[in-house]
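Text of input.cif (mmCIF, C-alpha atoms) as supplied:
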data_model
#
loop_
_atom_site.label_atom_id
_atom_site.label_comp_id
_atom_site.auth_asym_id
_atom_site.auth_seq_id
_atom_site.Cartn_x
_atom_site.Cartn_y
_atom_site.Cartn_z
CA MET E 1 93.71 98.68 56.05
CA ILE E 2 93.49 95.81 58.54
CA ILE E 3 92.44 96.36 62.16
CA THR E 4 94.01 93.98 64.67
CA SER E 5 94.02 93.61 68.44
CA PRO E 6 96.34 92.05 71.04
CA THR E 7 96.00 88.27 70.82
CA THR E 8 94.93 88.22 74.48
CA SER E 9 92.13 90.79 74.04
CA PHE E 10 88.53 89.71 74.62
CA VAL E 11 87.40 92.24 72.02
CA ASP E 12 89.13 90.48 69.15
CA PHE E 13 89.60 91.89 65.63
CA ASN E 14 92.06 89.19 64.54
CA GLY E 15 89.42 86.85 63.10
CA THR E 16 87.40 84.38 65.14
CA PRO E 17 88.30 80.67 64.84
CA VAL E 18 85.75 78.54 62.98
CA ASN E 19 85.16 74.81 62.68
CA CYS E 20 84.98 72.72 59.51
CA ALA E 21 81.37 73.84 59.00
CA GLY E 22 82.39 77.51 59.13
CA ASP E 23 80.75 78.15 62.52
CA GLU E 24 82.53 80.29 65.11
CA THR E 25 83.94 78.11 67.89
CA GLU E 26 84.14 80.84 70.53
CA LEU E 27 81.10 81.48 72.69
CA ALA E 28 79.53 84.93 72.47
CA LEU E 29 80.55 87.10 75.42
CA PRO E 30 77.77 88.58 77.58
CA ALA E 31 76.65 92.19 77.65
CA PHE E 32 73.93 93.10 80.11
CA ASP E 33 72.22 96.50 79.93
CA ASN E 34 74.68 98.77 78.11
CA PHE E 35 77.48 98.70 75.54
CA GLY E 36 80.23 99.81 77.95
CA VAL E 37 83.55 98.03 77.30
CA LYS E 38 87.23 99.01 77.13
CA PHE E 39 89.73 97.62 74.63
CA GLN E 40 92.76 98.36 72.43
CA PHE E 41 93.35 97.93 68.69
CA SER E 42 96.07 98.52 66.09
CA ALA E 43 96.42 99.40 62.41
CA LEU E 44 99.87 98.30 61.28
CA ASP E 45 99.54 96.72 57.85
CA GLU E 46 100.22 100.06 56.19
CA LEU E 47 101.65 103.45 57.14
CA VAL E 48 98.64 105.24 58.55
CA PRO E 49 99.03 109.03 59.04
CA ASN E 50 98.94 110.22 62.65
CA SER E 51 96.06 112.52 61.74
CA THR E 52 93.83 109.54 60.93
CA VAL E 53 90.63 109.37 62.99
CA PHE E 54 89.02 106.06 63.91
CA TYR E 55 85.54 105.62 65.37
CA ALA E 56 84.10 102.78 67.45
CA ALA E 57 80.55 101.56 66.85
CA VAL E 58 78.26 98.56 67.27
CA CYS E 59 77.52 96.26 64.33
CA ASN E 60 75.19 93.35 63.76
CA THR E 61 76.51 89.85 63.14
CA GLU E 62 77.02 90.72 59.46
CA CYS E 63 79.24 93.69 60.39
CA THR E 64 76.72 96.36 59.41
CA THR E 65 76.59 99.36 61.74
CA ILE E 66 73.52 99.46 63.98
CA TYR E 67 74.67 102.05 66.55
CA ASP E 68 77.20 104.81 65.88
CA PRO E 69 77.80 107.13 68.86
CA SER E 70 80.48 109.04 66.87
CA TYR E 71 82.93 107.99 69.55
CA GLU E 72 86.48 108.84 68.44
CA ALA E 73 89.08 106.30 69.52
CA VAL E 74 91.97 107.64 71.58
CA HIS E 75 95.30 107.68 69.72
CA VAL E 76 97.61 105.80 72.10
CA CYS E 77 100.89 104.83 70.42
CA ASN E 78 102.94 105.90 67.41
CA ARG E 79 104.86 103.94 64.80
CA TYR E 80 108.21 105.41 63.75
CA VAL E 81 109.77 104.52 60.39
CA LEU E 82 113.15 105.53 58.99
CA ASN E 83 112.63 106.27 55.31
CA ILE E 84 114.13 107.82 52.22
CA ALA E 85 111.93 110.28 50.36
CA GLY E 86 108.89 108.77 52.09
CA THR E 87 109.79 105.15 51.27
CA PRO E 88 110.87 102.78 54.10
CA LEU E 89 114.44 101.53 53.91
CA VAL E 90 114.94 98.13 52.28
CA ASP E 91 117.92 95.79 52.02
CA GLU E 92 118.63 96.95 48.48
CA ASP E 93 119.39 100.45 49.80
CA PHE E 94 122.50 99.17 51.63
CA PRO E 95 125.29 99.87 51.96
CA LEU E 96 123.95 103.38 52.35
CA THR E 97 126.23 106.37 51.87
CA ILE E 98 125.79 109.46 54.04
CA ASN E 99 126.93 112.49 52.06
CA ALA E 100 128.38 115.72 53.36
CA TYR E 101 125.45 117.89 54.48
CA SER E 102 124.50 120.70 56.84
CA PRO E 103 122.24 119.41 59.65
CA ALA E 104 118.93 121.06 60.46
CA PRO E 105 118.88 123.36 63.50
CA TYR E 106 119.34 121.54 66.82
CA GLN E 107 120.18 118.26 65.04
CA PRO E 108 123.62 116.60 65.13
CA LEU E 109 125.84 116.00 62.13
CA ILE E 110 126.07 112.29 61.25
CA PRO E 111 129.58 111.61 59.86
CA ALA E 112 129.83 111.05 56.14
CA GLY E 113 130.62 107.48 55.12
CA THR E 114 129.22 104.18 53.98
CA TYR E 115 127.01 102.24 56.41
CA ASN E 116 125.33 98.86 56.65
CA ARG E 117 122.12 98.48 58.64
CA SER E 118 123.63 97.97 62.10
CA ALA E 119 126.29 100.65 61.58
CA LEU E 120 123.65 103.18 60.51
CA LEU E 121 121.52 102.50 63.60
CA THR E 122 124.60 102.88 65.81
CA ALA E 123 125.62 106.14 64.15
CA LEU E 124 122.11 107.60 64.47
CA SER E 125 121.77 106.45 68.09
CA ASP E 126 125.12 107.94 69.02
CA GLY E 127 124.52 111.17 67.13
CA TYR E 128 121.05 111.81 68.51
CA ASP E 129 121.92 110.43 71.97
CA PHE E 130 118.92 108.11 71.84
CA ASN E 131 118.85 104.34 71.48
CA ILE E 132 116.90 103.89 68.25
CA PRO E 133 115.57 100.32 68.50
CA GLY E 134 115.11 99.70 64.78
CA PHE E 135 114.17 101.05 61.40
CA ASP E 136 110.47 100.47 62.19
CA PHE E 137 109.32 100.55 65.83
CA ILE E 138 106.37 101.44 68.07
CA THR E 139 106.41 103.60 71.17
CA CYS E 140 103.76 105.09 73.42
CA CYS E 141 106.12 107.84 74.65
CA PRO E 142 106.48 110.13 71.61
CA ASP E 143 107.99 112.96 73.67
CA GLU E 144 111.16 110.89 74.01
CA ILE E 145 111.72 110.43 70.27
CA PRO E 146 114.16 112.85 68.59
CA THR E 147 113.42 114.61 65.32
CA ILE E 148 115.49 113.04 62.55
CA SER E 149 115.45 114.80 59.19
CA GLY E 150 117.55 116.42 56.49
CA ILE E 151 120.29 113.74 56.31
CA SER E 152 121.59 113.54 52.73
CA VAL E 153 122.18 109.95 51.64
CA THR E 154 122.74 107.95 48.48
CA ARG E 155 121.34 104.46 47.97
CA ALA E 156 123.57 101.55 47.00
CA SER E 157 121.82 101.56 43.64
CA GLY E 158 122.83 105.18 43.09
CA GLY E 159 120.41 107.81 41.83
CA GLY E 160 121.82 110.87 43.59
CA GLY E 161 121.33 112.34 47.04
CA VAL E 162 117.99 111.93 48.82
CA GLU E 163 116.79 112.81 52.33
CA LEU E 164 116.88 110.27 55.15
CA GLN E 165 114.34 111.06 57.86
CA MET E 166 112.18 109.43 60.50
CA ASN E 167 108.41 109.89 60.30
CA SER E 168 105.69 108.98 62.72
CA PHE E 169 102.44 107.13 61.97
CA PHE E 170 99.37 105.82 63.78
CA ALA E 171 100.08 102.55 65.62
CA SER E 172 97.32 101.81 68.12
CA GLY E 173 94.16 103.21 69.64
CA TYR E 174 92.08 102.80 72.80
CA VAL E 175 88.30 102.60 73.14
CA ASN E 176 86.31 103.34 76.28
CA PHE E 177 82.96 102.65 74.65
CA PRO E 178 80.00 104.74 75.88
CA THR E 179 77.66 103.04 78.35
CA THR E 180 74.64 103.55 76.13
CA ALA E 181 71.54 101.51 76.97
CA MET E 182 71.10 98.60 74.55
CA THR E 183 67.31 98.58 74.45
CA SER E 184 66.89 100.52 71.22
CA TYR E 185 69.55 98.60 69.32
CA VAL E 186 69.85 94.98 70.47
CA SER E 187 67.14 92.73 71.89
CA ILE E 188 67.68 90.15 74.63
CA GLY E 189 69.38 87.08 73.19
CA GLN E 190 70.50 88.92 70.07
CA CYS E 191 74.17 88.87 69.05
CA PHE E 192 76.25 91.86 67.95
CA ARG E 193 79.84 92.91 67.37
CA TYR E 194 81.98 95.94 68.11
CA CYS E 195 83.45 97.53 65.00
CA ILE E 196 85.99 100.15 64.00
CA LEU E 197 84.99 102.77 61.44
CA ASN E 198 87.14 105.02 59.28
CA GLU E 199 86.56 108.76 58.89
CA ALA E 200 83.94 108.05 56.21
CA LYS E 201 82.12 105.88 58.81
CA GLN E 202 82.81 102.70 56.83
CA VAL E 203 83.37 99.48 58.78
CA ILE E 204 87.03 98.47 58.52
CA GLY E 205 87.22 96.11 61.52
CA CYS E 206 84.69 93.75 63.10
CA SER E 207 85.08 91.93 66.42
CA ASN E 208 84.07 88.56 67.81
CA LEU E 209 80.47 87.95 68.93
CA PHE E 210 78.74 89.44 71.97
CA THR E 211 75.18 88.79 73.09
CA ARG E 212 72.73 90.74 75.22
CA ILE E 213 71.66 88.80 78.32
CA GLN E 214 68.58 89.25 80.49
CA ASN E 215 70.05 88.32 83.88
CA SER E 216 73.50 89.41 85.07
CA CYS E 217 73.49 87.37 88.29
CA TYR E 218 76.19 84.90 87.26
CA THR E 219 78.39 87.34 85.39
CA THR E 220 81.25 89.56 86.57
CA VAL E 221 82.75 92.77 85.20
CA PHE E 222 86.56 92.77 85.24
CA ASN E 223 88.83 95.81 84.94
CA TYR E 224 92.51 95.04 84.62
CA TYR E 225 95.88 96.41 83.56
CA ASN E 226 99.59 96.02 84.26
CA GLU E 227 102.18 98.47 85.49
CA GLU E 228 104.08 98.15 82.20
CA ASN E 229 103.32 97.13 78.63
CA SER E 230 102.64 93.39 78.67
CA TYR E 231 100.71 90.57 77.02
CA GLY E 232 100.49 92.69 73.86
CA PHE E 233 98.70 95.58 75.62
CA LYS E 234 100.01 99.14 75.81
CA TYR E 235 99.32 100.75 79.19
CA ILE E 236 99.68 104.51 79.53
CA VAL E 237 98.13 107.26 81.63
CA LEU E 238 95.81 109.46 79.54
CA PRO E 239 95.59 113.25 79.98
CA ASP E 240 92.47 112.89 82.16
CA GLY E 241 94.38 110.64 84.58
CA SER E 242 92.70 107.40 83.48
CA ILE E 243 94.66 104.35 82.35
CA THR E 244 94.22 102.39 79.14
CA GLU E 245 92.82 99.48 81.12
CA ASN E 246 90.74 96.62 79.77
CA GLU E 247 87.12 96.05 80.81
CA ILE E 248 85.00 93.00 80.03
CA ARG E 249 81.96 91.14 81.38
CA LEU E 250 82.31 87.35 81.59
CA TYR E 251 80.32 84.34 82.73
CA VAL E 252 82.13 84.08 86.07
CA HIS E 253 80.63 83.91 89.55
CA PHE E 254 82.18 83.58 93.00
CA ASN E 255 81.24 81.39 95.97
CA LYS E 256 82.63 79.06 98.68
CA PRO E 257 84.53 81.68 100.71
CA THR E 258 87.30 80.20 102.85
CA PHE E 259 89.93 81.67 105.13
CA GLU E 260 93.62 81.26 104.48
CA ILE E 261 95.46 81.44 107.80
CA VAL E 262 99.21 81.85 108.17
CA GLU E 263 100.32 81.78 111.79
CA ASN E 264 103.52 81.56 113.79
CA ILE E 265 103.23 79.96 117.23
CA VAL E 266 106.11 79.18 119.58
CA ARG E 267 106.19 77.17 122.77
CA GLN E 268 107.66 79.04 125.74
CA SER E 269 109.83 77.40 128.38
CA ASP E 270 106.83 77.22 130.70
CA GLY E 271 104.92 75.20 128.10
CA VAL E 272 102.56 78.00 127.09
CA LEU E 273 101.92 78.37 123.36
CA LYS E 274 102.54 82.00 122.34
CA ARG E 275 101.16 83.46 119.12
CA THR E 276 103.80 85.69 117.50
CA ALA E 277 102.09 86.56 114.21
CA THR E 278 98.86 85.77 112.35
CA VAL E 279 97.66 86.69 108.88
CA ILE E 280 94.04 85.95 107.95
CA GLN E 281 92.73 86.57 104.46
CA ARG E 282 89.56 85.53 102.68
CA GLN E 283 89.52 83.51 99.46
CA PHE E 284 86.76 82.71 97.00
CA VAL E 285 86.33 80.11 94.30
CA GLY E 286 85.83 81.62 90.87
CA ASN E 287 83.53 79.53 88.69
CA VAL E 288 84.00 80.10 84.95
CA GLY E 289 81.31 79.27 82.40
CA TYR E 290 81.81 77.25 79.24
CA TYR E 291 84.51 78.84 77.08
CA SER E 292 86.85 77.74 74.31
CA ASP E 293 90.55 77.01 74.82
CA ASP E 294 91.50 80.43 73.47
CA GLN E 295 89.02 82.20 75.73
CA HIS E 296 90.33 80.33 78.78
CA TYR E 297 93.83 81.52 77.83
CA LYS E 298 92.62 85.12 77.77
CA ILE E 299 91.00 84.68 81.18
CA VAL E 300 94.31 83.45 82.64
CA ILE E 301 96.09 86.50 81.21
CA MET E 302 93.44 88.73 82.77
CA LEU E 303 93.64 87.07 86.19
CA LYS E 304 97.42 87.38 86.29
CA SER E 305 97.39 91.14 85.67
CA ASP E 306 98.96 93.49 88.21
CA TYR E 307 95.67 95.31 88.81
CA LEU E 308 92.43 93.33 88.84
CA HIS E 309 89.16 94.93 89.92
CA ILE E 310 86.10 92.70 90.26
CA LEU E 311 82.47 93.78 90.19
CA TYR E 312 80.28 90.79 91.06
CA ALA E 313 76.99 92.40 92.03
CA ASN E 314 75.31 89.13 93.01
CA GLY E 315 77.92 88.59 95.73
CA ASN E 316 78.33 92.24 96.77
CA ILE E 317 81.95 92.21 95.54
CA ASP E 318 83.18 95.51 94.14
CA ARG E 319 86.88 95.81 94.83
CA ARG E 320 90.40 94.93 93.82
CA MET E 321 91.45 91.30 94.28
CA THR E 322 94.43 89.09 93.45
CA GLN E 323 94.39 85.66 91.85
CA THR E 324 97.14 83.20 92.74
CA GLY E 325 97.73 79.57 91.93
CA GLU E 326 96.33 77.35 89.22
CA TYR E 327 93.53 77.88 86.72
CA THR E 328 91.85 74.55 86.00
CA PRO E 329 89.63 73.91 82.96
CA ASP E 330 87.36 70.91 83.41
CA TYR E 331 87.61 69.31 79.99
CA PRO E 332 85.19 66.46 79.33
CA GLU E 333 86.27 62.94 78.49
CA GLY E 334 86.95 62.29 74.83
CA ASN E 335 88.84 64.09 72.13
CA THR E 336 86.11 66.30 70.74
CA TYR E 337 84.71 69.25 72.64
CA VAL E 338 83.81 72.83 71.83
CA SER E 339 84.05 74.38 75.28
CA ALA E 340 84.56 73.60 78.95
CA PRO E 341 84.07 75.28 82.35
CA ALA E 342 86.95 76.13 84.68
CA SER E 343 87.66 77.20 88.25
CA PHE E 344 90.27 79.15 90.19
CA SER E 345 90.86 80.61 93.64
CA ILE E 346 91.17 84.32 94.29
CA THR E 347 92.20 86.32 97.33
CA ASP E 348 90.16 89.21 98.66
CA PHE E 349 93.19 90.98 100.11
CA THR E 350 91.13 94.04 101.08
CA LYS E 351 89.78 91.87 103.90
CA THR E 352 93.22 90.70 105.06
CA VAL E 353 93.90 91.28 108.75
CA VAL E 354 97.27 90.98 110.46
CA ASN E 355 98.34 90.50 114.06
CA ASN E 356 102.06 91.06 114.63
CA ASN E 357 102.35 90.28 118.30
CA CYS E 358 106.01 91.01 118.98
CA GLY E 359 105.44 91.95 122.62
CA PHE E 360 106.31 95.01 124.68
CA SER E 361 109.94 95.05 123.49
CA CYS E 362 108.92 96.44 120.09
CA GLY E 363 106.92 99.33 121.45
CA VAL E 364 103.42 97.81 121.56
CA GLU E 365 101.33 99.80 124.00
CA VAL E 366 98.46 98.27 125.96
CA LEU E 367 95.59 100.77 126.08
CA ASP E 368 92.63 101.01 128.38
CA ASP E 369 89.22 100.94 126.71
CA CYS E 370 88.81 104.67 127.21
CA THR E 371 92.24 105.73 125.99
CA VAL E 372 92.09 108.19 123.06
CA VAL E 373 94.88 107.97 120.50
CA ILE E 374 95.52 111.02 118.33
CA SER E 375 97.19 110.14 115.03
CA PRO E 376 99.23 111.25 113.27
CA GLY E 377 101.32 113.83 115.09
CA GLY E 378 99.42 113.80 118.35
CA ASN E 379 97.92 117.25 117.82
CA PRO E 380 94.10 117.17 117.89
CA SER E 381 93.89 120.89 117.08
CA ARG E 382 95.06 120.37 113.48
CA TYR E 383 92.25 120.11 110.97
CA HIS E 384 92.04 116.65 109.45
CA VAL E 385 89.57 114.46 107.61
CA GLU E 386 89.35 110.67 107.36
CA PHE E 387 87.20 108.73 104.93
CA THR E 388 86.84 105.45 103.05
CA VAL E 389 86.35 105.36 99.27
CA PRO E 390 83.76 105.93 97.89
CA THR E 391 82.71 109.20 99.44
CA GLY E 392 80.90 112.17 97.98
CA ALA E 393 84.11 114.08 97.38
CA MET E 394 86.04 111.08 96.06
CA PRO E 395 84.20 108.33 94.15
CA ILE E 396 85.81 105.08 92.99
CA GLY E 397 88.34 105.75 90.22
CA ALA E 398 88.85 109.41 91.16
CA THR E 399 92.24 111.09 91.57
CA THR E 400 91.24 114.35 93.26
CA TYR E 401 89.74 115.31 96.62
CA THR E 402 88.48 118.85 97.27
CA ASP E 403 87.92 120.33 100.73
CA THR E 404 87.26 124.04 101.34
CA ASN E 405 88.86 123.65 104.79
CA LEU E 406 92.17 123.09 103.02
CA VAL E 407 92.07 126.36 101.06
CA ALA E 408 95.02 128.68 101.83
CA ARG E 409 96.76 126.03 103.96
CA SER E 410 100.50 125.77 103.44
CA ASP E 411 100.52 122.02 102.86
CA VAL E 412 98.92 118.73 103.91
CA GLU E 413 100.00 115.24 104.94
CA VAL E 414 98.23 112.43 103.07
CA TYR E 415 97.95 108.92 104.49
CA ARG E 416 96.67 106.16 102.18
CA GLU E 417 95.86 102.81 103.77
CA GLY E 418 97.91 104.02 106.74
CA LEU E 419 101.00 104.81 104.64
CA ILE E 420 102.24 108.36 104.27
CA GLN E 421 102.31 109.57 100.67
CA TYR E 422 105.11 111.61 99.11
CA LYS E 423 105.25 114.05 96.24
CA THR E 424 107.50 111.81 94.14
CA GLY E 425 107.62 108.12 93.29
CA ASP E 426 105.06 105.65 91.96
CA ASN E 427 102.43 106.54 94.59
CA TYR E 428 102.35 110.27 95.16
CA TYR E 429 100.18 113.28 95.93
CA SER E 430 100.10 116.96 95.07
CA PHE E 431 98.31 119.85 96.78
CA VAL E 432 96.98 123.16 95.44
CA SER E 433 96.55 125.55 98.35
CA ALA E 434 94.50 128.08 96.39
CA THR E 435 91.71 125.60 95.67
CA GLY E 436 92.10 123.03 98.46
CA VAL E 437 92.50 120.23 95.92
CA VAL E 438 94.54 117.12 96.77
CA THR E 439 95.49 114.95 93.79
CA VAL E 440 96.66 111.34 94.32
CA PHE E 441 98.06 108.68 92.01
CA PRO E 442 97.14 106.00 91.12
CA ALA E 443 93.35 106.40 90.98
CA VAL E 444 91.55 105.24 94.10
CA SER E 445 89.85 101.86 94.54
CA ALA E 446 86.82 100.83 96.56
CA LEU E 447 87.32 100.66 100.37
CA GLU E 448 90.67 102.47 100.34
CA ARG E 449 91.14 104.48 103.53
CA PHE E 450 92.48 108.06 103.50
CA SER E 451 93.55 110.47 106.22
CA ILE E 452 94.47 114.06 105.31
CA TRP E 453 96.01 116.41 107.89
CA VAL E 454 96.83 120.10 107.62
CA VAL E 455 100.53 120.78 108.16
#

Could I get this file's structure written as structure tokens?
Amino acid sequence: MIITSPTTSFVDFNGTPVNCAGDETELALPAFDNFGVKFQFSALDELVPNSTVFYAAVCNTECTTIYDPSYEAVHVCNRYVLNIAGTPLVDEDFPLTINAYSPAPYQPLIPAGTYNRSALLTALSDGYDFNIPGFDFITCCPDEIPTISGISVTRASGGGGVELQMNSFFASGYVNFPTTAMTSYVSIGQCFRYCILNEAKQVIGCSNLFTRIQNSCYTTVFNYYNEENSYGFKYIVLPDGSITENEIRLYVHFNKPTFEIVENIVRQSDGVLKRTATVIQRQFVGNVGYYSDDQHYKIVIMLKSDYLHILYANGNIDRRMTQTGEYTPDYPEGNTYVSAPASFSITDFTKTVVNNNCGFSCGVEVLDDCTVVISPGGNPSRYHVEFTVPTGAMPIGATTYTDTNLVARSDVEVYREGLIQYKTGDNYYSFVSATGVVTVFPAVSALERFSIWVV
């Protein structure tokens, strides 16, 4: 069995590139005080039963286990294979003849006849009212896949009737490795690898190199994912509400904050310059340490993800940000080099401020300093609570907020970053009156503002 990973994953089980001397050309990635990391992997070289259990552990540079927390990887996606008597279909089976048969309960009858590959897929898709993408495919939504079994067929080579069915196998797993302190297992400056173990706790997959560092000042922890499967990663919401996001620490630090200003100014007939709109947002320069070409490529993929959370403790940055524009490696002169630094700009959109000065005609109200504005609804007698994440009842990454003052209330209004939330759609909320629990999706980020009002 061969363990692989997406080609853009920082925790890489695909085999690390080496030079002509056999030395690894990728720099070891930093790990500071614990083993916490999040990554995905696959086992696709053979048909692996869905019941198979994989474990994640830490190995030394020679791929021998040095720390086994008995952490069981999360089974994320399934592989579906159309097969005859347990053997995947091959070209020699076609044209395939479907015999007269009685379908299993709740399954359609596929018409008898002789089929080539494309005709068989069409007949199965039409019969089961599901677009079957191929004879061997991967999906992370197993609830959508129909049960296909009990179809009597005869191969082109003859041999009598056999059963055509579709079986499911293990495709990919997800690891949210425990944040165990490294002190007892890896010394400062020592290298290690993450590894995948089988049920017998044998190492069957070994990653690229990591190294324990003493000072985290010029490193950053990145959490990132996309709103759909992309870049080889499979993103789904797990039963506990978390997402199969990636997490990695890299030699990246941020400095040189600047302010991007977009403004619209018009000149009135009396010559006065009038400001109609202004957007001010803060940008930083991201400074990347020395990495190989392949590692720079992975960093670009990470930066261009839909969701990018940055924890740079040295700069007091712990929030979601967005990278736009170019990513520029600074390759040295000459044709031979092992690694190079790079730089990029990134926008701290949580600090963006906007002034839309459209004047009195659009309903802007000029208030005295002492004017009190009640919002929303204008009824100060309604119970409400306002807070900014993190708070005691809702830490960063949470999806639920509990308030005993909401118990037995008929319903609530939820405002997130000033926008009302609904009970359907991509961003939604739900409310349980009996417990006073408000659940929101997606999970909350640092500095998000919430306002909850009793209806």

Given the PyMOL selection byres ((chain E and resi 320-333) around 8), the residues it picks as JSON, numbers by chain: {"E": [296, 300, 303, 304, 307, 308, 309, 310, 318, 319, 334, 335, 337, 339, 340, 341, 342, 343, 344, 345, 346, 347, 348, 349, 350, 445, 446]}

The PyMOL selection byres ((chain E and resi 167-178) around 8) on the file shown: which residues, as a short mmCIF file (atom, residue, chain, number, x, y, z; two decimals) with C-alpha atoms, in the frame of the given file?
data_model
loop_
_atom_site.label_atom_id
_atom_site.label_comp_id
_atom_site.auth_asym_id
_atom_site.auth_seq_id
_atom_site.Cartn_x
_atom_site.Cartn_y
_atom_site.Cartn_z
CA PHE E 35 77.48 98.70 75.54
CA GLY E 36 80.23 99.81 77.95
CA VAL E 37 83.55 98.03 77.30
CA LYS E 38 87.23 99.01 77.13
CA PHE E 39 89.73 97.62 74.63
CA GLN E 40 92.76 98.36 72.43
CA PHE E 41 93.35 97.93 68.69
CA SER E 42 96.07 98.52 66.09
CA ALA E 43 96.42 99.40 62.41
CA LEU E 44 99.87 98.30 61.28
CA LEU E 47 101.65 103.45 57.14
CA VAL E 48 98.64 105.24 58.55
CA PRO E 49 99.03 109.03 59.04
CA ASN E 50 98.94 110.22 62.65
CA SER E 51 96.06 112.52 61.74
CA THR E 52 93.83 109.54 60.93
CA ALA E 56 84.10 102.78 67.45
CA PRO E 69 77.80 107.13 68.86
CA TYR E 71 82.93 107.99 69.55
CA ALA E 73 89.08 106.30 69.52
CA VAL E 74 91.97 107.64 71.58
CA HIS E 75 95.30 107.68 69.72
CA VAL E 76 97.61 105.80 72.10
CA CYS E 77 100.89 104.83 70.42
CA ASN E 78 102.94 105.90 67.41
CA ARG E 79 104.86 103.94 64.80
CA TYR E 80 108.21 105.41 63.75
CA VAL E 81 109.77 104.52 60.39
CA LEU E 82 113.15 105.53 58.99
CA ASN E 83 112.63 106.27 55.31
CA ILE E 138 106.37 101.44 68.07
CA GLN E 165 114.34 111.06 57.86
CA MET E 166 112.18 109.43 60.50
CA THR E 179 77.66 103.04 78.35
CA THR E 180 74.64 103.55 76.13
CA THR E 244 94.22 102.39 79.14
#

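Nearest-residue note for Phe450 (chain E): choosing from E:Ile265, E:Ala104, E:Ile66, E:Ile420, the minimum distance belongs to E:Ile420, counting only C-alpha atoms.
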
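Picked out by the PyMOL selection byres ((chain E and resi 1-8) around 8) when it runs on this file: E:Ser9, E:Phe10, E:Val11, E:Asp12, E:Phe13, E:Asn14, E:Gln40, E:Phe41, E:Ser42, E:Ala43, E:Leu44, E:Asp45, E:Glu46, E:Ile196, E:Ile204, E:Gly205, E:Tyr231, E:Gly232, E:Phe233, E:Tyr297, E:Lys298, E:Ile301.
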
Quick one: write out the picked residues with C-alpha atoms as a PDB file, in the frame of the given file?
ATOM      1  CA  SER E   9      92.130  90.790  74.040  1.00  0.00           C
ATOM      2  CA  PHE E  10      88.530  89.710  74.620  1.00  0.00           C
ATOM      3  CA  VAL E  11      87.400  92.240  72.020  1.00  0.00           C
ATOM      4  CA  ASP E  12      89.130  90.480  69.150  1.00  0.00           C
ATOM      5  CA  PHE E  13      89.600  91.890  65.630  1.00  0.00           C
ATOM      6  CA  ASN E  14      92.060  89.190  64.540  1.00  0.00           C
ATOM      7  CA  GLN E  40      92.760  98.360  72.430  1.00  0.00           C
ATOM      8  CA  PHE E  41      93.350  97.930  68.690  1.00  0.00           C
ATOM      9  CA  SER E  42      96.070  98.520  66.090  1.00  0.00           C
ATOM     10  CA  ALA E  43      96.420  99.400  62.410  1.00  0.00           C
ATOM     11  CA  LEU E  44      99.870  98.300  61.280  1.00  0.00           C
ATOM     12  CA  ASP E  45      99.540  96.720  57.850  1.00  0.00           C
ATOM     13  CA  GLU E  46     100.220 100.060  56.190  1.00  0.00           C
ATOM     14  CA  ILE E 196      85.990 100.150  64.000  1.00  0.00           C
ATOM     15  CA  ILE E 204      87.030  98.470  58.520  1.00  0.00           C
ATOM     16  CA  GLY E 205      87.220  96.110  61.520  1.00  0.00           C
ATOM     17  CA  TYR E 231     100.710  90.570  77.020  1.00  0.00           C
ATOM     18  CA  GLY E 232     100.490  92.690  73.860  1.00  0.00           C
ATOM     19  CA  PHE E 233      98.700  95.580  75.620  1.00  0.00           C
ATOM     20  CA  TYR E 297      93.830  81.520  77.830  1.00  0.00           C
ATOM     21  CA  LYS E 298      92.620  85.120  77.770  1.00  0.00           C
ATOM     22  CA  ILE E 301      96.090  86.500  81.210  1.00  0.00           C
TER      23      ILE E 301
END

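We find CA of Pro442 (chain E) and CA of Asp426 (chain E) to be spaced 8.0 Å apart.
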
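Taking only C-alpha atoms into account, those protein, DNA and RNA residues with any atom at most 9 Å away from (72.5, 92.3, 70.9) amount to Ala31, Asn60, Met182, Thr183, Tyr185, Val186, Ser187, Ile188, Gly189, Gln190, Cys191, Phe192, Arg193, Phe210, Thr211, Arg212 and Ile213 of chain E.
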
Please, could you write that set of residues out with C-alpha atoms as an mmCIF file, keeping the file's coordinate frame?
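Output saved as again34.cif:
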data_model
loop_
_atom_site.group_PDB
_atom_site.id
_atom_site.type_symbol
_atom_site.label_atom_id
_atom_site.label_comp_id
_atom_site.auth_asym_id
_atom_site.auth_seq_id
_atom_site.Cartn_x
_atom_site.Cartn_y
_atom_site.Cartn_z
ATOM 1 C CA ALA E 31 76.650 92.190 77.650
ATOM 2 C CA ASN E 60 75.190 93.350 63.760
ATOM 3 C CA MET E 182 71.100 98.600 74.550
ATOM 4 C CA THR E 183 67.310 98.580 74.450
ATOM 5 C CA TYR E 185 69.550 98.600 69.320
ATOM 6 C CA VAL E 186 69.850 94.980 70.470
ATOM 7 C CA SER E 187 67.140 92.730 71.890
ATOM 8 C CA ILE E 188 67.680 90.150 74.630
ATOM 9 C CA GLY E 189 69.380 87.080 73.190
ATOM 10 C CA GLN E 190 70.500 88.920 70.070
ATOM 11 C CA CYS E 191 74.170 88.870 69.050
ATOM 12 C CA PHE E 192 76.250 91.860 67.950
ATOM 13 C CA ARG E 193 79.840 92.910 67.370
ATOM 14 C CA PHE E 210 78.740 89.440 71.970
ATOM 15 C CA THR E 211 75.180 88.790 73.090
ATOM 16 C CA ARG E 212 72.730 90.740 75.220
ATOM 17 C CA ILE E 213 71.660 88.800 78.320
#

Using all atoms listed in the file: which of E:Ser292, E:Asn255, E:Thr154, E:Thr64 has the shortest distance to Ile98 (chain E): E:Thr154

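Taking all atoms listed in the file, the non-local environment of Ser216 (chain E) within 10 Å (same-chain residues fewer than 6 positions away omitted) comprises E:Pro30, E:Ala31, E:Phe32, E:Asp33, E:Arg249, E:Leu250, E:Tyr251, E:Tyr312, E:Ala313, E:Asn314.
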